[in-house]
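Colleague: Sharing a structure below in structure tokens format, with a few things to ask.
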Amino acid sequence: MVGKNKLRRELPLHILIIPGVILVFIFHYIPMFGIMMAFQKFVPAKGFWNSDWVGLDNFRYIFNMPNIWNVMWNTVYIAVMKIAANLVVPIVFALLLNEVRKNSFKRTIQTIIYFPHFLSWVILGGVLIDVLSPTSGIINQFLGIFGIDPIYFLGNAKWFPYTLVITNTWKEFGYNTIVYLAALTAIDPTLYEAAVVDGAGRWKQTWHITLPGILPIVTLMTVLSLGNVLNAGFDQVFNLYSPSVYSTGDVIDTMVYRIGMVEAQFSVSAAIGLFKSVISFVLVVISNKLANKYAGYRVF
Amino acid sequence: MLNRTKSEKVFAIFNYLILSFAAFACLLPLLNVLAISFSSSAAAAAGYVKLWPVDFTLASYKYALGKSEFIRSFWVSVRRVMMGYAVNMIMTISVAYPLSKEKDTFRARNVYAWFFIITMMFSGGLIPTFMTVKSLGLLDSLWALVLPGAVPIFNVILLMNFFRGIPKEIEEAAYIDGATHWTTLFRIYLPLSLPSLATISLFVLVGHWNGWFDGMIYMNRPRNWPLQTYLRTILISPDVTNYQTSSEELAGMRQVSERTFKAAQVFLAAAPILAVYPFLQKYFMKGLVVGSVKG
């Protein structure tokens, strides 16, 4: 009887969750099975079931593409620089904000620096194309005051990866301070009081209390960002790049898009996508394991 | 703090300066383009416009708002946001509530939890997802922009963790008084979760408003493009022939140039976000971390 009662109590929970399960199954799990097209010569007219199986041919093809290793390198290079910038800059600004005594000033700064996070890369692309223009953009006008020749930030292959990292930091650093600010406010204030009694100045307090206090969250964010080593940021790259910077700016995701959606080589594109998904999966699993081990973190 | 040393005061001044400079640097590109959007084409072309409009005019805005493509895609985005918001919120709540239960109250909890976690770690990728949406006949339908992301897992985790922070005793007391799960959810959990729901609302509204890629791949007909997808063709890749602003058309308008017109559209597209941001930002200021850290 107890079991039956429990089932009756659980039934509404199943009913609540089932619509979500169905939608996730259709739009996330079916595409996972659809990955088998990476091992086919997929022709839309024939569909999944009747397309010819070609084994690993698509993978042989992609690893023989002349630019594949270049694209891989671009992806990792851009992603790692972004990861580093997204760790260091927000931590520095969180520490600086934490030292501000005047709450109204602190809140104003926060409101402003969080804002760019909420604009899309389409809108920011429009803004950046204008302000970074070598002929009429305000940034190059400003650099001109110091006698610096106009730089084509978005069209020069040498500059492009750094433009990506800097503009991405500009968009996200403020928003990324939130996690660290939360950790900073969670530090027990009595620790500071005790330190003052012991004669510690502000620098000593920062060094011995504040930094150790946020170390767990810093470790956590570092470990979790490992899962992003192959994510160079499709939205940003896609809205800012052009053929003249493909040599340094083309990344796996943009390549998957062009080969799949523009050239309609569905199986080749799916194969590159699968290659990336598998590596990312391994990285995410490792990073979550490490996060659990060193910071006691769990997703659910 | 009475005993602030001299070096601490110097630091405080530098700190205020650095932070003010950073905030200014965040706004500078936006203010510059905003000023251009309110300036005459001649002033913009001559490079006179810095942070304040020169030859103030609303011509670019009038021109943008008079374009039927702009208005049409704006309207597609509005409908998308409304549908997407309703679907996302219903799904987030209905998935987060069961998952917030402990395993002894809801035995299948961990099975469901893994079912959702796996999608965060592995995805079918662009082409298989596109083929799925296509074979369901959703191309050129607004549902293609709403259903594939119907269950935002990130938001589900946020809300689930918030639910878990609500004291168990409240729920137990309600249960003893004969409350069903529905009553508990609607009368206890949701009213107590308003800050979390506000944060998620901001994410969902902004996410749908900013969505452009799905519009680009799932909508074949330009008339179905949401605003950001349409704007991409104007701002980023004007070589797309469908919607290029013809130069003769612009020549007829003395005050408007390609540049001021683009700038005006940037701010018309950002306006709804500017409108909701101040009201909702105070909620996520308190801090949010996905997942949980034990002790």
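FYI, nothing fancy with the structure tokens labels: chains A, B, ... in order, residues from 1 per chain, ligands from 1 as they appear.
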Determine, counting only C-alpha atoms, which protein, DNA and RNA residues have an atom within 7 Å of an atom of region 187-195 of chain A; residues of the same chain fewer than 4 positions away are not included. Present the result as a compact mmCIF listing (two decimals) with C-alpha atoms, in the first residue's frame.

Modeller:
# COMPACT_ATOMS: atom_id res chain seq x y z
CA ALA A 183 32.36 34.80 -3.82
CA GLY A 199 47.36 44.90 12.80
CA ALA A 200 47.02 43.81 9.17
CA GLN A 205 44.08 41.59 4.25
CA GLY A 213 38.66 33.36 -0.02

Colleague: Considering only C-alpha atoms, return as a PyMOL selection string whatever protein or nucleic-acid residues lie within 7 Å of region 218-225 of chain B, sequence-local ones (same chain, fewer than 4 positions apart) excluded.

Modeller: chain B and resi 73+76+139-140+144+214+229-230

Colleague: Report as a list in words all protein, DNA and RNA residues lying within 7 Å of region 120-122 of chain B, evaluated on only C-alpha atoms, omitting residues in the same chain fewer than 5 positions from it.

Modeller: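 Skipping anything fewer than 5 positions along the chain leaves Ser277, Phe281 and Val284 of chain A.
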
Colleague: Using the selection just defined, write its residues with N, CA and C atoms as an mmCIF file, in the first residue's frame.

Modeller:
data_model
loop_
_atom_site.group_PDB
_atom_site.id
_atom_site.type_symbol
_atom_site.label_atom_id
_atom_site.label_comp_id
_atom_site.auth_asym_id
_atom_site.auth_seq_id
_atom_site.Cartn_x
_atom_site.Cartn_y
_atom_site.Cartn_z
ATOM 1 N N SER A 277 32.678 17.502 -31.460
ATOM 2 C CA SER A 277 31.819 17.111 -30.341
ATOM 3 C C SER A 277 32.492 16.074 -29.453
ATOM 4 N N PHE A 281 33.448 16.674 -25.695
ATOM 5 C CA PHE A 281 32.813 15.816 -24.691
ATOM 6 C C PHE A 281 33.853 15.302 -23.701
ATOM 7 N N VAL A 284 34.972 18.157 -21.478
ATOM 8 C CA VAL A 284 33.965 18.541 -20.487
ATOM 9 C C VAL A 284 33.900 17.519 -19.360
#

Colleague: Name the residues in contact with region 151-167 of chain A at a cut-off of 9 Å, using only C-alpha atoms, excluding same-chain residues fewer than 4 positions from it; report them as a list in words.

Modeller: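 Near neighbours after the sequence-gap exclusion: Asn74, Tyr77, Ile78, Ala79, Met81, Lys82, Ala85, Leu128, Ile129, Leu132, Ser133, Pro134, Thr135, Asn140, Leu143, Lys171, Glu172, Gln236, Val237, Leu240, Tyr241, Ser242, Pro243, Ser244, Val245, Tyr246, Ser247, Thr248 and Gly249 of chain A.
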
Colleague: Counting only C-alpha atoms, which of B:Gln228, B:Ser141, B:Thr199, B:Thr57 gets nearest to chain A?

Modeller: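 Result for the nearest residue to chain A: B:Gln228.
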
Colleague: Would you mind telling me which residue in A:Ile123, A:Ala271, A:Val92, A:Ile18 lies nearest to Tyr180 (chain A) when using only C-alpha atoms?

Modeller: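 Counting only C-alpha atoms, the residue closest to Tyr180 (chain A) is A:Val92.
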
Colleague: Tell me, as JSON, numbers by chain, which residues lie within 9 Å of Glu8 (chain B), counting only C-alpha atoms; anything in the same chain fewer than 5 positions away does not count.

Modeller: {"A": [201, 202, 203], "B": [13]}

Colleague: Export N, CA and C atoms of the chosen residues as a CSV table (one decimal), in the first residue's frame?

Modeller:
chain,number,residue,atom,x,y,z
A,201,GLY,N,47.2,45.5,7.4
A,201,GLY,CA,46.7,46.6,6.6
A,201,GLY,C,45.9,46.1,5.5
A,202,ARG,N,45.4,47.0,4.6
A,202,ARG,CA,44.6,46.5,3.5
A,202,ARG,C,45.3,45.5,2.6
A,203,TRP,N,46.6,45.7,2.3
A,203,TRP,CA,47.3,44.8,1.4
A,203,TRP,C,47.4,43.4,2.0
B,13,ILE,N,41.9,56.4,-4.8
B,13,ILE,CA,41.7,57.3,-5.9
B,13,ILE,C,42.0,56.6,-7.3

Colleague: One number please: CA of Val80 (chain A) to CA of Val151 (chain B), in Å, one decimal.

Modeller: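 It comes out at 29.5 Å.
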
Colleague: As a PyMOL selection string, please: every residue in region 1-184 of chain A that DSSP puts in strand (DSSP E or B).

Modeller: chain A and resi 40-41+52-53

Colleague: Take the residues that were just selected and, keeping N, CA and C atoms, output them as a compact mmCIF listing (two decimals), in the first residue's frame.

Modeller:
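File written: result-v4.txt
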# COMPACT_ATOMS: atom_id res chain seq x y z
N GLN A 40 28.13 8.35 -43.76
CA GLN A 40 27.40 8.07 -45.00
C GLN A 40 27.82 9.05 -46.07
N LYS A 41 27.37 8.76 -47.28
CA LYS A 41 27.38 9.80 -48.30
C LYS A 41 25.94 10.27 -48.36
N ASP A 52 24.08 5.93 -48.91
CA ASP A 52 25.12 4.89 -48.90
C ASP A 52 26.07 5.09 -47.73
N TRP A 53 26.48 3.95 -47.14
CA TRP A 53 27.45 3.97 -46.06
C TRP A 53 28.85 4.01 -46.65

Colleague: For the alpha helix (DSSP H) assignment from backbone DSSP, which residues of region 36-247 of chain B qualify? Please present them as a VMD selection string.

Modeller: chain B and resid 36 to 37 41 to 46 59 to 65 68 to 99 109 to 121 126 to 135 153 to 164 168 to 176 181 to 183 190 to 192 194 to 210 213 to 218 227 to 235 247
